[in-house]
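What's in coords_32.txt: compact mmCIF, C-alpha atoms and all ligand atoms
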# COMPACT_ATOMS: atom_id res chain seq x y z
CA MET A 159 -29.58 -74.85 1.93
CA THR A 160 -28.33 -78.43 1.82
CA ILE A 161 -26.87 -79.99 4.93
CA ARG A 162 -24.69 -83.03 5.29
CA ALA A 163 -26.21 -86.32 6.33
CA ARG A 164 -24.67 -87.48 9.59
CA VAL A 165 -22.41 -90.50 9.70
CA ARG A 166 -24.09 -93.09 11.87
CA VAL A 167 -23.65 -96.78 12.25
CA ALA A 168 -26.43 -98.28 14.33
CA GLU A 169 -27.75 -101.79 14.57
CA GLY A 170 -26.03 -102.88 11.39
CA MET A 171 -27.35 -99.97 9.34
CA LEU A 172 -25.01 -97.60 7.56
CA LEU A 173 -26.52 -94.19 6.90
CA ALA A 174 -25.18 -92.07 4.06
CA GLU A 175 -21.66 -91.03 4.88
CA GLY A 176 -20.84 -87.41 4.08
CA ILE A 177 -23.38 -87.39 1.26
CA GLU A 178 -25.48 -84.28 0.80
CA MET A 179 -29.04 -85.50 0.65
CA ARG A 180 -32.08 -83.62 -0.58
CA ALA A 181 -35.36 -85.49 -0.73
CA ALA A 182 -38.72 -84.85 -2.39
CA VAL A 183 -42.07 -85.99 -1.03
CA PHE A 184 -44.96 -86.02 -3.50
CA PHE A 185 -48.55 -86.44 -2.39
CA ALA A 186 -52.13 -86.46 -3.66
CA THR A 187 -55.15 -86.15 -1.39
CA ARG A 188 -58.88 -85.42 -1.39
CA GLU A 189 -59.73 -84.92 2.28
CA SER A 190 -56.19 -83.89 3.39
CA HIS A 191 -55.13 -86.93 5.43
CA THR A 192 -52.40 -87.88 2.94
CA GLY A 193 -51.11 -84.32 3.27
CA ARG A 194 -50.53 -85.05 6.97
CA ILE A 195 -48.82 -88.32 6.02
CA ALA A 196 -46.55 -86.44 3.58
CA ALA A 197 -45.69 -83.95 6.35
CA ARG A 198 -44.77 -86.82 8.69
CA ILE A 199 -42.56 -88.42 6.01
CA ALA A 200 -40.81 -85.07 5.56
CA THR A 201 -40.28 -84.69 9.32
CA ASP A 202 -38.83 -88.20 9.50
CA LEU A 203 -36.47 -87.58 6.57
CA ARG A 204 -35.33 -84.30 8.14
CA ALA A 205 -34.58 -86.18 11.34
CA HIS A 206 -32.16 -88.25 9.22
CA GLY A 207 -30.34 -85.09 8.12
CA ALA A 208 -32.02 -84.57 4.75
CA GLU A 209 -33.33 -81.34 3.31
CA VAL A 210 -36.88 -82.05 2.20
CA ASP A 211 -39.31 -80.42 -0.25
CA VAL A 212 -42.98 -81.45 -0.18
CA PHE A 213 -45.13 -81.21 -3.33
CA ASP A 214 -48.89 -81.51 -3.76
CA VAL A 215 -48.88 -82.89 -7.32
CA ARG A 216 -52.29 -81.35 -8.02
CA THR A 217 -51.09 -77.79 -7.57
CA ASP A 218 -47.31 -77.56 -7.39
CA THR A 219 -45.13 -76.68 -10.37
CA PRO A 220 -42.62 -79.05 -12.05
CA LEU A 221 -39.31 -79.47 -10.28
CA GLU A 222 -35.61 -79.80 -10.84
CA TRP A 223 -35.11 -83.55 -10.45
CA SER A 224 -31.31 -83.38 -10.48
CA ARG A 225 -31.37 -81.74 -7.02
CA TYR A 226 -32.79 -84.85 -5.34
CA ALA A 227 -31.14 -87.99 -3.97
CA ALA A 228 -34.28 -89.61 -2.54
CA ALA A 229 -38.05 -89.45 -2.99
CA CYS A 230 -41.32 -90.75 -1.63
CA VAL A 231 -44.76 -90.79 -3.24
CA ALA A 232 -48.00 -90.89 -1.21
CA ALA A 233 -51.55 -91.07 -2.55
CA SER A 234 -54.97 -91.95 -1.18
CA VAL A 235 -57.60 -94.13 -2.81
CA HIS A 236 -61.14 -93.17 -3.75
CA ALA A 237 -63.52 -95.59 -5.43
CA GLY A 238 -60.82 -98.22 -5.88
CA HIS A 239 -58.23 -95.96 -7.54
CA HIS A 240 -55.37 -93.78 -6.38
CA GLU A 241 -55.82 -90.09 -7.18
CA PRO A 242 -55.77 -89.48 -10.95
CA GLU A 243 -53.30 -86.57 -10.69
CA MET A 244 -50.83 -88.94 -8.99
CA ILE A 245 -51.29 -91.54 -11.72
CA ALA A 246 -50.57 -88.84 -14.34
CA PHE A 247 -47.56 -87.56 -12.35
CA VAL A 248 -46.03 -91.01 -11.90
CA ARG A 249 -46.55 -91.90 -15.56
CA ARG A 250 -44.76 -88.73 -16.55
CA TYR A 251 -41.84 -89.02 -14.12
CA ARG A 252 -41.46 -92.80 -13.84
CA ALA A 253 -37.81 -92.79 -14.94
CA GLU A 254 -36.88 -90.16 -12.32
CA LEU A 255 -38.71 -92.04 -9.57
CA ASP A 256 -36.87 -95.22 -10.58
CA ARG A 257 -33.53 -93.41 -10.52
CA LEU A 258 -34.25 -92.28 -6.94
CA SER A 259 -35.60 -95.72 -5.87
CA ALA A 260 -38.63 -93.81 -4.59
CA GLY A 261 -40.93 -95.35 -2.02
CA PHE A 262 -44.70 -95.53 -2.41
CA VAL A 263 -47.26 -95.03 0.38
CA SER A 264 -50.78 -96.14 -0.49
CA VAL A 265 -53.49 -94.71 1.80
CA THR A 266 -56.79 -96.58 2.10
CA LEU A 267 -59.58 -97.42 4.49
CA SER A 268 -59.24 -101.08 3.52
CA GLU A 269 -55.84 -101.16 5.20
CA ALA A 270 -57.57 -100.17 8.46
CA GLY A 271 -59.62 -103.36 8.10
CA ALA A 272 -56.51 -105.39 7.31
CA GLU A 273 -54.85 -104.16 10.53
CA ASP A 274 -57.91 -104.33 12.81
CA PRO A 275 -57.24 -107.00 15.49
CA THR A 276 -60.94 -107.14 16.42
CA ARG A 277 -61.85 -108.58 13.01
CA SER A 278 -61.66 -112.23 12.01
CA SER A 279 -58.61 -113.40 10.09
CA ALA A 280 -60.82 -114.04 7.02
CA GLU A 281 -62.09 -110.42 7.13
CA ARG A 282 -58.58 -109.07 7.58
CA GLU A 283 -57.28 -111.16 4.70
CA ARG A 284 -60.14 -109.93 2.46
CA ALA A 285 -59.28 -106.33 3.30
CA ALA A 286 -55.57 -106.98 2.68
CA ALA A 287 -56.42 -108.54 -0.71
CA ASP A 288 -58.37 -105.36 -1.59
CA VAL A 289 -55.34 -103.26 -0.69
CA ARG A 290 -53.04 -105.42 -2.82
CA ARG A 291 -55.45 -105.20 -5.75
CA MET A 292 -55.57 -101.38 -5.58
CA ILE A 293 -51.77 -101.20 -5.52
CA ASP A 294 -51.59 -103.63 -8.46
CA VAL A 295 -54.01 -101.42 -10.40
CA PHE A 296 -51.78 -98.42 -9.63
CA VAL A 297 -48.72 -100.31 -10.92
CA THR A 298 -50.61 -101.27 -14.09
CA ASP A 299 -51.98 -97.74 -14.60
CA THR A 300 -48.60 -96.04 -14.15
CA GLY A 301 -46.12 -98.66 -15.34
CA TRP A 302 -44.11 -97.89 -12.17
CA ARG A 303 -43.14 -100.69 -9.81
CA PRO A 304 -41.91 -98.90 -6.67
CA ALA A 305 -38.74 -100.17 -5.03
CA ARG A 306 -40.53 -100.06 -1.65
CA CYS A 307 -44.22 -99.90 -0.91
CA LEU A 308 -46.19 -99.38 2.32
CA PRO A 309 -49.97 -99.70 2.63
CA VAL A 310 -51.19 -97.20 5.23
CA ALA A 311 -54.57 -97.02 6.94
CA GLY A 312 -56.18 -93.63 6.33
CA ALA A 313 -59.06 -91.83 8.01
CA LEU A 314 -62.82 -91.52 8.04
CA ALA A 315 -63.30 -87.78 7.75
CA TYR A 316 -67.07 -87.53 8.16
CA SER A 317 -66.87 -83.79 8.88
CA LYS A 318 -65.32 -83.19 5.45
CA TYR A 319 -67.87 -85.16 3.40
CA ASN A 320 -71.00 -83.66 1.87
CA PHE A 321 -74.34 -85.18 2.78
CA PHE A 322 -74.28 -87.74 -0.02
CA VAL A 323 -70.67 -88.90 0.58
CA ARG A 324 -71.30 -89.09 4.34
CA PHE A 325 -74.30 -91.34 3.70
CA ILE A 326 -72.29 -93.64 1.38
CA MET A 327 -69.28 -93.75 3.71
CA LYS A 328 -71.46 -94.59 6.69
CA ARG A 329 -72.88 -97.55 4.77
CA ILE A 330 -69.39 -98.69 3.70
CA ALA A 331 -68.17 -98.28 7.29
CA ARG A 332 -71.05 -100.33 8.67
CA LYS A 333 -70.29 -103.18 6.25
CA ALA A 334 -66.58 -102.97 7.02
CA GLY A 335 -67.05 -102.87 10.81
CA ALA A 336 -65.67 -99.31 10.96
CA PRO A 337 -67.17 -96.52 13.14
CA THR A 338 -70.52 -95.09 11.98
CA ASP A 339 -70.94 -92.16 14.40
CA THR A 340 -70.72 -89.33 11.86
CA SER A 341 -70.50 -86.60 14.51
CA ARG A 342 -66.70 -87.02 14.59
CA ASP A 343 -63.73 -88.08 12.45
CA TYR A 344 -61.54 -91.17 12.88
CA GLU A 345 -57.88 -91.79 12.14
CA PHE A 346 -56.45 -95.30 11.70
CA THR A 347 -52.87 -94.55 10.65
CA ASN A 348 -50.07 -96.45 12.32
CA TRP A 349 -47.59 -93.57 12.52
CA GLN A 350 -44.81 -95.74 13.99
CA ALA A 351 -44.98 -98.15 11.04
CA LEU A 352 -44.72 -95.15 8.72
CA ASP A 353 -41.68 -93.88 10.65
CA ARG A 354 -40.01 -97.29 10.26
CA PHE A 355 -40.70 -97.29 6.52
CA VAL A 356 -39.15 -93.83 6.13
CA GLU A 357 -36.15 -94.96 8.16
CA GLN A 358 -35.55 -97.63 5.51
CA LEU A 359 -35.87 -95.03 2.74
CA ALA A 360 -33.37 -92.79 4.49
CA VAL A 361 -30.79 -95.55 4.74
CA LYS A 362 -28.32 -95.31 1.87
CA THR A 363 -25.76 -98.03 1.55
CA PRO A 364 -22.68 -97.10 -0.46
C1 LIG B 1 -65.85 -91.10 -1.61
C2 LIG B 1 -64.78 -91.98 -0.99
C3 LIG B 1 -64.41 -93.16 -1.60
C4 LIG B 1 -63.46 -94.01 -1.00
N1 LIG B 1 -63.15 -95.18 -1.63
C5 LIG B 1 -62.29 -96.02 -1.02
C6 LIG B 1 -62.00 -97.30 -1.61
O1 LIG B 1 -62.46 -97.63 -2.69
N2 LIG B 1 -61.19 -98.14 -0.93
C7 LIG B 1 -60.63 -97.80 0.27
O2 LIG B 1 -59.93 -98.61 0.86
N3 LIG B 1 -60.84 -96.58 0.83
C8 LIG B 1 -61.67 -95.71 0.22
N4 LIG B 1 -61.92 -94.48 0.79
C9 LIG B 1 -61.23 -94.11 2.04
C10 LIG B 1 -60.06 -93.16 1.79
O3 LIG B 1 -59.02 -93.82 1.09
C11 LIG B 1 -59.55 -92.68 3.15
O4 LIG B 1 -60.58 -91.93 3.77
C12 LIG B 1 -58.28 -91.87 3.06
O5 LIG B 1 -57.84 -91.55 4.36
C13 LIG B 1 -58.49 -90.59 2.27
O6 LIG B 1 -57.28 -89.88 2.24
P1 LIG B 1 -57.19 -88.33 1.90
O7 LIG B 1 -57.81 -87.60 3.06
O8 LIG B 1 -55.75 -88.06 1.77
O9 LIG B 1 -57.93 -88.11 0.61
C14 LIG B 1 -62.85 -93.62 0.21
C15 LIG B 1 -63.21 -92.42 0.82
C16 LIG B 1 -64.17 -91.60 0.23
C17 LIG B 1 -64.53 -90.30 0.91
What does this structure look like when you write it as structure tokens?
Ligand SMILES: Cc1cc2nc3c(=O)[nH]c(=O)nc-3n(C[C@H](O)[C@H](O)[C@H](O)COP(=O)(O)O)c2cc1C
Amino acid sequence: MTIRARVRVAEGMLLAEGIEMRAAVFFATRESHTGRIAARIATDLRAHGAEVDVFDVRTDTPLEWSRYAAACVAASVHAGHHEPEMIAFVRRYRAELDRLSAGFVSVTLSEAGAEDPTRSSAERERAAADVRRMIDVFVTDTGWRPARCLPVAGALAYSKYNFFVRFIMKRIARKAGAPTDTSRDYEFTNWQALDRFVEQLAVKTP
């Protein structure tokens, strides 16, 4: 079922007037945090009156692009690269994502360092440069330059790592000034910043 987006003029923003909006959220994840981010994006879009379908690009079947008026892509980074299935997906559907002016959410631990107020400005800038480089690599790998892009701090999911990965991640965390107590998991995502980003995606000017 498709519902009508509400007419709303607020703080200078004009939301889609009488336009039926259906949105697609595509995500790729390894330890599931980006799945939670995709669910939040969907909730936010629904709050703006859109019907939303969420796709895990690793497992979900191809879709009918003509049904959608908006889209958002979210992928996490492992070993310097966004998930390979997302790179393949975006390469394949670049034209459709361009048509929908899709947003891109890049999920990394480096962004947690870039946002951490307890770190020096030099450390934060180094982390931010890492984030930019990983997004640039994604743009080069896919040929897709998203209309809007948001770097998002991910999680340290120690409970989900095997012994070897936990060992490596603890070493990376120590170097990065992130938590090293592996008896619990940590989440660094700024959910309000994500909500604001989705608000911009939901805004359709005529
Ligand atoms: C094996 C491994 C490699 C990672 N490599 C990077 C990296 O190169 N750069 C980075 O910023 N974050 C890195 N991360 C952190 C992940 O991007 C972060 O944990 C993210 O929240 C994972 O999202 P997901 O649960 O959706 O897969 C790595 C995490 C793991 C477990």
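Relative to CA of Ala272 (chain A), CA of Ser341 (chain A) is found at 24.5 Å.
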Have a look at A:Arg188, A:Arg290, A:Arg354, A:His239 and name the one nearest to Asp214 (chain A); count all atoms listed in the file.
A:Arg188
Distance cut-off 9 Å, centre (-55.4, -97.4, 12.3) in file coordinates, counting only C-alpha atoms: which residues qualify? Return them as a PyMOL selection string.
chain A and resi 267+269-271+273-274+310-313+344-349
Neighbouring residues of Ala246 (chain A) were defined as those with any atom within 12 Å, considering all atoms listed in the file; residues of the same chain fewer than 2 positions away were excluded. Please report them as a list in words.
Ala186, Val215, Arg216, His240, Glu241, Pro242, Glu243, Met244, Val248, Arg249, Arg250, Tyr251, Arg252, Phe296, Asp299, Thr300, Gly301 and Trp302 of chain A
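Compared by their closest atoms to ligand LIG 1 (chain B), and using all atoms listed in the file, the residues A:Ile195, A:Val235, A:Val295, A:Ala208 rank with A:Val235 nearest.
All residues, whether protein, DNA or RNA, that have an atom at most 6 Å from ligand LIG 1 (chain B) (counting all atoms listed in the file) are Thr187, Arg188, Glu189, Ser190, His191, Thr192, Ser234, Val235, His236, Ala237, Gly238, Val265, Thr266, Leu267, Ser268, Gly312, Ala313, Leu314 and Val323 of chain A.
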Excluding same-chain residues fewer than 5 positions from Phe213 (chain A), what lies within 12 Å of it counting only C-alpha atoms, as an MDAnalysis selection string?
chainID A and resid 181:187 192:193 196:197 200 218:221 229:233 244 247
